[in-house]
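Undergrad: Sharing entry.cif below, mmCIF, C-alpha atoms:
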```
data_input
loop_
_atom_site.group_PDB
_atom_site.id
_atom_site.type_symbol
_atom_site.label_atom_id
_atom_site.label_comp_id
_atom_site.auth_asym_id
_atom_site.auth_seq_id
_atom_site.Cartn_x
_atom_site.Cartn_y
_atom_site.Cartn_z
ATOM 1 C CA MET M 222 120.260 128.948 81.198
ATOM 2 C CA GLN M 223 121.741 125.453 81.532
ATOM 3 C CA ALA M 224 119.383 122.612 80.611
ATOM 4 C CA THR M 225 118.821 119.832 83.123
ATOM 5 C CA GLN M 226 119.871 116.395 81.952
ATOM 6 C CA LEU M 227 117.472 113.605 82.927
ATOM 7 C CA SER M 228 118.484 109.969 83.162
ATOM 8 C CA VAL M 229 116.320 107.029 82.138
ATOM 9 C CA SER M 230 115.637 106.217 85.793
ATOM 10 C CA ASP M 231 114.443 109.773 86.432
ATOM 11 C CA LEU M 232 112.022 109.525 83.527
ATOM 12 C CA ASN M 233 110.646 106.233 84.824
ATOM 13 C CA ASN M 234 110.325 107.369 88.468
ATOM 14 C CA PRO M 235 107.567 109.853 89.414
ATOM 15 C CA GLY M 236 108.422 113.123 91.099
ATOM 16 C CA VAL M 237 106.636 112.067 94.309
ATOM 17 C CA SER M 238 107.629 109.014 96.333
ATOM 18 C CA TRP M 239 104.257 108.253 97.873
ATOM 19 C CA GLY M 240 105.673 105.404 99.890
ATOM 20 C CA ALA M 241 108.027 107.803 101.658
ATOM 21 C CA VAL M 242 105.249 110.375 102.080
ATOM 22 C CA LEU M 243 102.840 107.868 103.624
ATOM 23 C CA ALA M 244 105.545 106.470 105.887
ATOM 24 C CA GLY M 245 106.415 109.942 107.162
ATOM 25 C CA ALA M 246 102.745 110.817 107.565
ATOM 26 C CA ALA M 247 102.030 107.650 109.555
ATOM 27 C CA ALA M 248 104.956 108.371 111.873
ATOM 28 C CA ALA M 249 103.889 112.003 112.348
ATOM 29 C CA ALA M 250 100.236 111.114 113.016
ATOM 30 C CA ALA M 251 101.138 108.419 115.529
ATOM 31 C CA LEU M 252 103.571 110.680 117.350
ATOM 32 C CA SER M 253 101.024 113.511 117.416
ATOM 33 C CA PHE M 254 98.445 111.214 119.002
ATOM 34 C CA ILE M 255 100.921 109.951 121.586
ATOM 35 C CA LEU M 256 102.008 113.468 122.519
ATOM 36 C CA LEU M 257 98.367 114.567 122.725
ATOM 37 C CA ILE M 258 97.602 111.770 125.171
ATOM 38 C CA LEU M 259 100.724 112.645 127.163
ATOM 39 C CA GLY M 260 99.769 116.309 127.311
ATOM 40 C CA VAL M 261 96.270 115.541 128.547
ATOM 41 C CA GLY M 262 97.678 113.090 131.076
ATOM 42 C CA LEU M 263 100.138 115.656 132.408
ATOM 43 C CA GLY M 264 97.384 118.252 132.698
ATOM 44 C CA LEU M 265 99.071 120.626 130.248
ATOM 45 C CA SER M 266 95.840 121.132 128.286
ATOM 46 C CA SER M 267 93.000 123.286 129.569
ATOM 47 C CA VAL M 268 90.708 121.885 126.860
ATOM 48 C CA SER M 269 90.147 118.170 126.633
ATOM 49 C CA PRO M 270 89.558 116.883 123.082
ATOM 50 C CA TRP M 271 86.697 114.712 124.368
ATOM 51 C CA SER M 272 84.704 117.260 126.376
ATOM 52 C CA PHE M 273 84.334 120.947 125.677
ATOM 53 C CA ASN M 274 85.460 123.426 128.276
ATOM 54 C CA ALA M 275 84.694 127.068 127.523
ATOM 55 C CA THR M 276 88.082 128.258 128.755
ATOM 56 C CA ALA M 277 90.738 129.757 126.529
ATOM 57 C CA ILE M 278 93.901 127.683 126.295
ATOM 58 C CA GLY M 279 96.777 128.808 128.464
ATOM 59 C CA VAL M 280 100.468 129.331 127.818
ATOM 60 C CA SER M 281 101.321 125.752 128.744
ATOM 61 C CA THR M 282 98.811 124.405 126.222
ATOM 62 C CA ILE M 283 100.113 126.699 123.483
ATOM 63 C CA ALA M 284 103.677 125.586 124.200
ATOM 64 C CA TRP M 285 102.613 121.937 124.152
ATOM 65 C CA LEU M 286 100.796 122.324 120.834
ATOM 66 C CA ALA M 287 103.903 123.932 119.340
ATOM 67 C CA PHE M 288 106.107 121.154 120.711
ATOM 68 C CA MET M 289 103.757 118.499 119.323
ATOM 69 C CA GLN M 290 103.962 120.008 115.852
ATOM 70 C CA LEU M 291 107.716 120.497 116.025
ATOM 71 C CA ALA M 292 108.385 116.924 117.114
ATOM 72 C CA ALA M 293 105.800 115.079 115.014
ATOM 73 C CA SER M 294 106.194 117.140 111.850
ATOM 74 C CA GLY M 295 109.959 117.121 112.135
ATOM 75 C CA ILE M 296 110.109 113.333 112.399
ATOM 76 C CA GLY M 297 107.531 112.819 109.652
ATOM 77 C CA GLY M 298 109.220 115.244 107.266
ATOM 78 C CA TYR M 299 112.671 113.815 107.890
ATOM 79 C CA MET M 300 111.452 110.289 107.203
ATOM 80 C CA ALA M 301 109.703 111.399 104.018
ATOM 81 C CA GLY M 302 112.925 112.978 102.753
ATOM 82 C CA ARG M 303 115.223 110.212 103.888
ATOM 83 C CA LEU M 304 113.117 107.371 102.423
ATOM 84 C CA ARG M 305 112.398 108.879 99.028
ATOM 85 C CA VAL M 306 114.011 107.524 95.867
ATOM 86 C CA LYS M 307 117.282 108.865 94.549
ATOM 87 C CA TRP M 308 116.943 111.480 91.816
ATOM 88 C CA SER M 309 120.162 111.262 89.829
ATOM 89 C CA SER M 310 121.141 113.958 87.331
ATOM 90 C CA ILE M 311 118.533 116.344 88.765
ATOM 91 C CA HIS M 312 119.523 119.926 89.437
ATOM 92 C CA THR M 313 120.119 120.766 93.093
ATOM 93 C CA ASP M 314 117.337 123.336 93.127
ATOM 94 C CA GLU M 315 114.854 120.776 91.798
ATOM 95 C CA VAL M 316 115.940 118.226 94.403
ATOM 96 C CA HIS M 317 115.482 120.847 97.127
ATOM 97 C CA PHE M 318 111.977 121.650 95.843
ATOM 98 C CA ARG M 319 110.971 118.005 95.681
ATOM 99 C CA ASP M 320 112.232 117.335 99.193
ATOM 100 C CA THR M 321 110.302 120.352 100.460
ATOM 101 C CA ALA M 322 107.168 119.105 98.696
ATOM 102 C CA HIS M 323 107.619 115.642 100.230
ATOM 103 C CA GLY M 324 107.795 117.128 103.708
ATOM 104 C CA LEU M 325 104.734 119.284 103.093
ATOM 105 C CA LEU M 326 102.774 116.333 101.703
ATOM 106 C CA ALA M 327 103.736 114.169 104.676
ATOM 107 C CA TRP M 328 102.551 116.904 107.041
ATOM 108 C CA ALA M 329 99.285 117.326 105.110
ATOM 109 C CA VAL M 330 98.492 113.602 105.089
ATOM 110 C CA ALA M 331 99.373 113.303 108.780
ATOM 111 C CA THR M 332 97.117 116.246 109.606
ATOM 112 C CA LEU M 333 94.214 114.710 107.699
ATOM 113 C CA ILE M 334 94.738 111.376 109.464
ATOM 114 C CA THR M 335 94.819 113.058 112.877
ATOM 115 C CA VAL M 336 91.672 115.055 112.145
ATOM 116 C CA ALA M 337 89.888 111.916 110.921
ATOM 117 C CA VAL M 338 90.840 109.984 114.058
ATOM 118 C CA LEU M 339 89.996 112.813 116.437
ATOM 119 C CA ALA M 340 87.034 114.204 114.487
ATOM 120 C CA GLY M 341 84.751 114.169 117.517
ATOM 121 C CA GLY M 342 87.363 115.789 119.737
ATOM 122 C CA THR M 343 88.159 118.477 117.176
ATOM 123 C CA ARG M 344 84.509 119.425 116.926
ATOM 124 C CA ALA M 345 84.217 119.556 120.705
ATOM 125 C CA VAL M 346 87.159 121.942 120.928
ATOM 126 C CA LEU M 347 86.302 124.245 118.052
ATOM 127 C CA SER M 348 82.504 124.373 118.095
ATOM 128 C CA GLY M 349 81.832 125.130 121.724
ATOM 129 C CA ALA M 350 80.553 128.569 120.827
ATOM 130 C CA ILE M 351 78.061 127.033 118.386
ATOM 131 C CA ASP M 352 76.883 124.554 121.005
ATOM 132 C CA ALA M 353 76.534 127.275 123.602
ATOM 133 C CA GLY M 354 74.622 129.469 121.167
ATOM 134 C CA SER M 355 72.317 126.573 120.383
ATOM 135 C CA GLY M 356 71.716 126.159 124.095
ATOM 136 C CA VAL M 357 70.732 129.814 124.365
ATOM 137 C CA ALA M 358 68.379 129.490 121.413
ATOM 138 C CA ALA M 359 66.819 126.372 122.893
ATOM 139 C CA ALA M 360 66.342 128.212 126.166
ATOM 140 C CA ILE M 361 64.799 131.397 124.831
ATOM 141 C CA ALA M 362 63.052 130.366 121.595
ATOM 142 C CA PRO M 363 60.131 128.659 123.330
ATOM 143 C CA ALA M 364 59.149 131.483 125.640
ATOM 144 C CA ALA M 365 57.418 129.238 128.098
ATOM 145 C CA ALA M 366 60.539 127.102 128.422
ATOM 146 C CA ALA M 367 62.542 130.258 128.872
ATOM 147 C CA GLY M 368 60.441 131.391 131.787
ATOM 148 C CA ALA M 369 60.580 127.986 133.387
ATOM 149 C CA GLY M 370 64.340 127.719 132.964
ATOM 150 C CA ALA M 371 64.925 131.176 134.346
ATOM 151 C CA ALA M 372 62.675 130.568 137.316
ATOM 152 C CA GLY M 373 64.445 127.304 137.939
ATOM 153 C CA ALA M 374 67.793 129.049 137.968
ATOM 154 C CA ALA M 375 66.527 131.585 140.474
ATOM 155 C CA SER M 376 65.002 128.938 142.715
ATOM 156 C CA ALA M 377 68.185 126.880 142.608
ATOM 157 C CA LYS M 378 70.182 129.902 143.747
ATOM 158 C CA GLN M 379 67.833 130.520 146.646
ATOM 159 C CA GLY M 380 67.794 126.858 147.589
ATOM 160 C CA GLU M 381 64.015 126.555 147.410
ATOM 161 C CA GLY M 382 61.595 124.669 145.196
ATOM 162 C CA SER M 383 62.455 121.130 144.144
ATOM 163 C CA GLY M 384 59.426 120.244 141.984
ATOM 164 C CA ALA M 385 59.617 119.007 138.434
ATOM 165 C CA ASN M 386 58.358 122.362 137.145
ATOM 166 C CA PRO M 387 60.838 125.149 137.969
ATOM 167 C CA LEU M 388 57.978 127.636 138.220
ATOM 168 C CA ASP M 389 56.646 125.749 141.248
ATOM 169 C CA TYR M 390 58.853 127.918 143.439
ATOM 170 C CA PHE M 391 57.030 131.071 142.319
ATOM 171 C CA SER M 392 53.673 129.326 142.557
ATOM 172 C CA ASP M 393 54.384 128.446 146.193
ATOM 173 C CA MET M 394 55.611 131.982 146.833
ATOM 174 C CA LEU M 395 52.411 133.410 145.383
ATOM 175 C CA LEU M 396 50.145 131.204 147.521
ATOM 176 C CA ARG M 397 52.248 131.439 150.654
ATOM 177 C CA ALA M 398 50.024 132.214 153.636
ATOM 178 C CA ALA M 399 50.988 134.072 156.756
ATOM 179 C CA PRO M 400 51.644 131.825 159.794
ATOM 180 C CA ALA M 401 48.703 133.407 161.648
ATOM 181 C CA ALA M 402 46.239 132.573 158.865
ATOM 182 C CA GLY M 403 44.809 129.373 160.232
ATOM 183 C CA ALA M 404 42.622 128.484 157.310
ATOM 184 C CA GLY M 405 45.198 129.579 154.812
ATOM 185 C CA GLU M 406 48.006 127.437 156.088
ATOM 186 C CA ALA M 407 45.973 124.254 156.244
ATOM 187 C CA GLY M 408 47.178 121.917 153.524
ATOM 188 C CA GLY M 409 49.862 122.495 150.954
ATOM 189 C CA VAL M 410 49.617 123.832 147.444
ATOM 190 C CA SER M 411 48.207 121.170 145.123
ATOM 191 C CA ALA M 412 49.913 120.079 141.935
ATOM 192 C CA GLY M 413 46.972 121.357 139.923
ATOM 193 C CA GLN M 414 47.300 124.854 141.398
ATOM 194 C CA ARG M 415 51.037 124.886 140.775
ATOM 195 C CA GLY M 416 50.553 123.785 137.183
ATOM 196 C CA GLU M 417 47.855 126.367 136.477
ATOM 197 C CA ILE M 418 49.845 129.238 137.975
ATOM 198 C CA GLY M 419 52.985 128.059 136.197
ATOM 199 C CA LYS M 420 51.231 128.101 132.819
ATOM 200 C CA ILE M 421 49.889 131.596 133.425
ATOM 201 C CA PHE M 422 53.313 132.883 134.463
ATOM 202 C CA ALA M 423 54.999 131.161 131.517
ATOM 203 C CA THR M 424 52.552 132.756 129.093
ATOM 204 C CA GLY M 425 53.116 136.150 130.682
ATOM 205 C CA LEU M 426 56.879 135.769 130.454
ATOM 206 C CA SER M 427 56.606 134.810 126.792
ATOM 207 C CA THR M 428 54.507 137.874 125.914
ATOM 208 C CA GLY M 429 56.386 140.243 128.201
ATOM 209 C CA SER M 430 53.508 141.113 130.524
ATOM 210 C CA LEU M 431 50.770 139.491 132.549
ATOM 211 C CA ALA M 432 47.319 139.833 131.001
ATOM 212 C CA ALA M 433 44.779 141.839 133.032
ATOM 213 C CA ASP M 434 42.297 138.974 133.293
ATOM 214 C CA ASP M 435 45.058 136.559 134.341
ATOM 215 C CA ARG M 436 46.220 139.070 136.943
ATOM 216 C CA ALA M 437 42.717 139.425 138.318
ATOM 217 C CA TYR M 438 42.173 135.667 138.373
ATOM 218 C CA LEU M 439 45.443 135.032 140.200
ATOM 219 C CA GLY M 440 44.481 137.762 142.663
ATOM 220 C CA GLN M 441 41.238 135.923 143.398
ATOM 221 C CA VAL M 442 43.116 132.642 143.927
ATOM 222 C CA VAL M 443 45.579 134.293 146.282
ATOM 223 C CA ALA M 444 42.830 136.118 148.177
ATOM 224 C CA SER M 445 40.783 132.932 148.677
ATOM 225 C CA ARG M 446 43.794 131.035 149.981
ATOM 226 C CA THR M 447 45.543 133.647 152.114
ATOM 227 C CA GLY M 448 42.674 135.841 153.271
ATOM 228 C CA LEU M 449 44.174 138.981 151.696
ATOM 229 C CA THR M 450 42.007 141.580 150.057
ATOM 230 C CA GLN M 451 41.733 141.592 146.269
ATOM 231 C CA ALA M 452 43.958 144.658 146.027
ATOM 232 C CA GLU M 453 46.595 143.126 148.306
ATOM 233 C CA ALA M 454 46.412 139.826 146.427
ATOM 234 C CA GLU M 455 46.906 141.544 143.069
ATOM 235 C CA ALA M 456 49.835 143.498 144.522
ATOM 236 C CA ARG M 457 51.406 140.171 145.541
ATOM 237 C CA VAL M 458 50.784 138.814 142.049
ATOM 238 C CA ASP M 459 52.630 141.816 140.583
ATOM 239 C CA ALA M 460 55.547 141.392 142.992
ATOM 240 C CA VAL M 461 55.954 137.661 142.387
ATOM 241 C CA TYR M 462 55.589 138.040 138.642
ATOM 242 C CA GLY M 463 58.207 140.803 138.722
ATOM 243 C CA ARG M 464 60.638 138.479 140.478
ATOM 244 C CA ALA M 465 59.972 135.734 137.935
ATOM 245 C CA ALA M 466 60.496 138.166 135.044
ATOM 246 C CA LYS M 467 63.758 139.410 136.579
ATOM 247 C CA ALA M 468 64.941 135.842 137.060
ATOM 248 C CA ALA M 469 64.149 135.100 133.405
ATOM 249 C CA ALA M 470 66.064 138.181 132.229
ATOM 250 C CA ASP M 471 69.057 137.344 134.447
ATOM 251 C CA ALA M 472 69.137 133.750 133.229
ATOM 252 C CA LYS M 473 68.981 134.877 129.606
ATOM 253 C CA ALA M 474 71.812 137.367 130.150
ATOM 254 C CA GLN M 475 73.948 134.730 131.852
ATOM 255 C CA ALA M 476 73.339 132.285 129.009
ATOM 256 C CA GLN M 477 74.338 134.916 126.455
ATOM 257 C CA GLN M 478 77.473 135.743 128.444
ATOM 258 C CA ALA M 479 78.370 132.051 128.568
ATOM 259 C CA ALA M 480 77.858 131.783 124.811
ATOM 260 C CA GLU M 481 80.067 134.820 124.193
ATOM 261 C CA ALA M 482 82.768 133.452 126.486
ATOM 262 C CA ALA M 483 82.608 130.127 124.654
ATOM 263 C CA ARG M 484 82.862 131.910 121.295
ATOM 264 C CA LYS M 485 85.950 133.842 122.379
ATOM 265 C CA ALA M 486 87.543 130.713 123.832
ATOM 266 C CA GLY M 487 86.866 128.814 120.608
ATOM 267 C CA ALA M 488 88.332 131.628 118.497
ATOM 268 C CA HIS M 489 91.414 131.859 120.720
ATOM 269 C CA THR M 490 91.936 128.101 120.540
ATOM 270 C CA ALA M 491 91.469 128.001 116.765
ATOM 271 C CA LEU M 492 93.967 130.833 116.257
ATOM 272 C CA TRP M 493 96.741 129.136 118.201
ATOM 273 C CA MET M 494 95.997 125.774 116.602
ATOM 274 C CA PHE M 495 96.418 127.473 113.216
ATOM 275 C CA VAL M 496 99.775 128.907 114.280
ATOM 276 C CA ALA M 497 100.927 125.509 115.560
ATOM 277 C CA LEU M 498 99.856 123.747 112.354
ATOM 278 C CA LEU M 499 101.573 126.377 110.225
ATOM 279 C CA LEU M 500 104.728 125.866 112.258
ATOM 280 C CA GLY M 501 104.416 122.116 111.726
ATOM 281 C CA ALA M 502 104.147 122.551 107.945
ATOM 282 C CA PHE M 503 107.320 124.639 107.890
ATOM 283 C CA VAL M 504 109.264 122.240 110.107
ATOM 284 C CA ALA M 505 108.156 119.197 108.087
ATOM 285 C CA SER M 506 109.289 120.807 104.828
ATOM 286 C CA LEU M 507 112.619 121.849 106.331
ATOM 287 C CA ALA M 508 113.233 118.444 107.916
ATOM 288 C CA ALA M 509 112.511 116.717 104.605
ATOM 289 C CA THR M 510 115.293 118.694 102.912
ATOM 290 C CA PHE M 511 117.702 117.603 105.649
ATOM 291 C CA GLY M 512 116.621 113.985 105.306
ATOM 292 C CA GLY M 513 116.889 114.021 101.517
ATOM 293 C CA ARG M 514 120.261 115.732 101.603
ATOM 294 C CA GLN M 515 121.600 113.219 104.103
ATOM 295 C CA ARG M 516 120.281 110.326 102.028
ATOM 296 C CA ASP M 517 122.008 111.593 98.898
ATOM 297 C CA HIS M 518 125.177 112.235 100.883
ATOM 298 C CA GLU M 519 125.177 108.704 102.320
ATOM 299 C CA ARG M 520 124.637 107.276 98.830
ATOM 300 C CA VAL M 521 127.610 109.241 97.467
ATOM 301 C CA LEU M 522 129.821 108.120 100.340
ATOM 302 C CA ARG M 523 128.794 104.499 99.789
ATOM 303 C CA HIS M 524 129.702 104.700 96.109
ATOM 304 C CA VAL M 525 133.040 106.325 96.918
ATOM 305 C CA THR M 526 133.841 103.649 99.505
ATOM 306 C CA ILE M 527 132.964 100.869 97.106
#
```
Translate the structure described by the file into structure tokens.
TA:
Amino acid sequence: MQATQLSVSDLNNPGVSWGAVLAGAAAAAALSFILLILGVGLGLSSVSPWSFNATAIGVSTIAWLAFMQLAASGIGGYMAGRLRVKWSSIHTDEVHFRDTAHGLLAWAVATLITVAVLAGGTRAVLSGAIDAGSGVAAAIAPAAAAGAGAAGAASAKQGEGSGANPLDYFSDMLLRAAPAAGAGEAGGVSAGQRGEIGKIFATGLSTGSLAADDRAYLGQVVASRTGLTQAEAEARVDAVYGRAAKAAADAKAQAQQAAEAARKAGAHTALWMFVALLLGAFVASLAATFGGRQRDHERVLRHVTI
């Protein structure tokens, strides 16, 4: 195997021209940011880097991400190869390796710069599933809050109940009197009654069933207000509580479905971002070899002309 002869200048110069690497990285990072802004402005991205949207990226977004990496990494890698120092008396294979390494380093530094600048946006895009899961946990961990949130969702769908406590809708439903009940329809439901019934329902939703004494007490309240018999009042309590429990279960299922959709969208986005970044690393390394080769060629031509 033929030994490689090194000149004095090669021994004094390091194998990495960090000035060229940083210059290429700065150009690649700036171009990536500009193209990102352009893509968002043109509406080619279904996921904004500043606000999470639990929707998987489309074909146009994938194509734009690939174009961003091709353009930015290509320019950055070419500049890193073209601006590096001349390695005289170095074997061609070694020069090719060093140029490839310069392009890869320029891409890596540019990627780190872009991530640092858009750290908040990157988290918003990639961690939507985590945020959605946290929202589900916050909704269902405190059982009372879960019942209130579910009841609120049901009341919002039906267009009724606008109180601060979402369970007010079911409280009003429970104490609703027939139009013919003169005494029963006099006056509205007080805030104290709503709050008491809401707490009882919330406790029942958290434990999974309404306690017998709570059921009997609510039956007495309904009977005294509406004029129903105790049996009829307790039957109404069971019906209203059943609707509240169903609303809670539906709201929990919808929240879990939203979290799963967000998780899948985040995974889909992360996968295609990985592919685009991998493509950018390859293009940057390849462009650096072209830039370095052209630089050496121009230097040889200049010496021949002189």
Undergrad: Around the point (109.4, 117.9, 108.5) in the file's coordinates, collect all residues with an atom within 10 Å, using all atoms listed in the file, and return them as a PyMOL selection string.
TA: chain M and resi 245-246+249+290-302+320-321+323-328+500-512
Undergrad: Would you mind reading off the distance between CA of Tyr390 in chain M and CA of Ala474 in chain M, one decimal, in Å?
TA: 20.8 Å
Undergrad: What's around Ala284 in chain M at 10 Å? Count only C-alpha atoms, leave out sequence neighbours fewer than 3 positions away in its own chain, and write the answer as a list in words.
TA: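 Final neighbour list, sorted by chain and number: Leu265, Ser266, Gly279, Val280, Ser281, Ala287, Phe288, Met289, Trp493 and Ala497 of chain M.
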Undergrad: Between CA of Ala486 in chain M and CA of Leu333 in chain M, what is the distance, to one decimal in Å?
TA: 23.7 Å
Undergrad: So how many Å separate CA of Val336 in chain M and CA of Ala250 in chain M, to one decimal?
TA: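 CA of Val336 in chain M sits 9.5 Å away from CA of Ala250 in chain M.
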Undergrad: Counting only C-alpha atoms, which of M:Glu417, M:Lys307, M:Leu256, M:Met394 gets nearest to Thr282 in chain M?
TA: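 Looking at the shortest contact to Thr282 in chain M, the residue is M:Leu256.
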Undergrad: Find the spatial neighbours of Ser430 in chain M, counting all atoms listed in the file, within a cut-off of 9 Å - ignore same-chain residues fewer than 6 positions away - and output them as a list in words.
TA: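 Those residues are Thr424, Tyr462 and Ala466 of chain M.
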Undergrad: What lies within 9 Å of Gln451 in chain M using only C-alpha atoms, ignoring chain neighbours under 6 positions off, as JSON, numbers by chain?
TA: {"M": [437, 440, 441, 443, 444]}
Undergrad: Got time to write the residues from that selection, C-alpha atoms, as a compact mmCIF listing (two decimals), keeping the file's coordinate frame?
TA:
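And here's part_35.txt as it stands now:
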```txt
# COMPACT_ATOMS: atom_id res chain seq x y z
CA ALA M 437 42.72 139.43 138.32
CA GLY M 440 44.48 137.76 142.66
CA GLN M 441 41.24 135.92 143.40
CA VAL M 443 45.58 134.29 146.28
CA ALA M 444 42.83 136.12 148.18
```
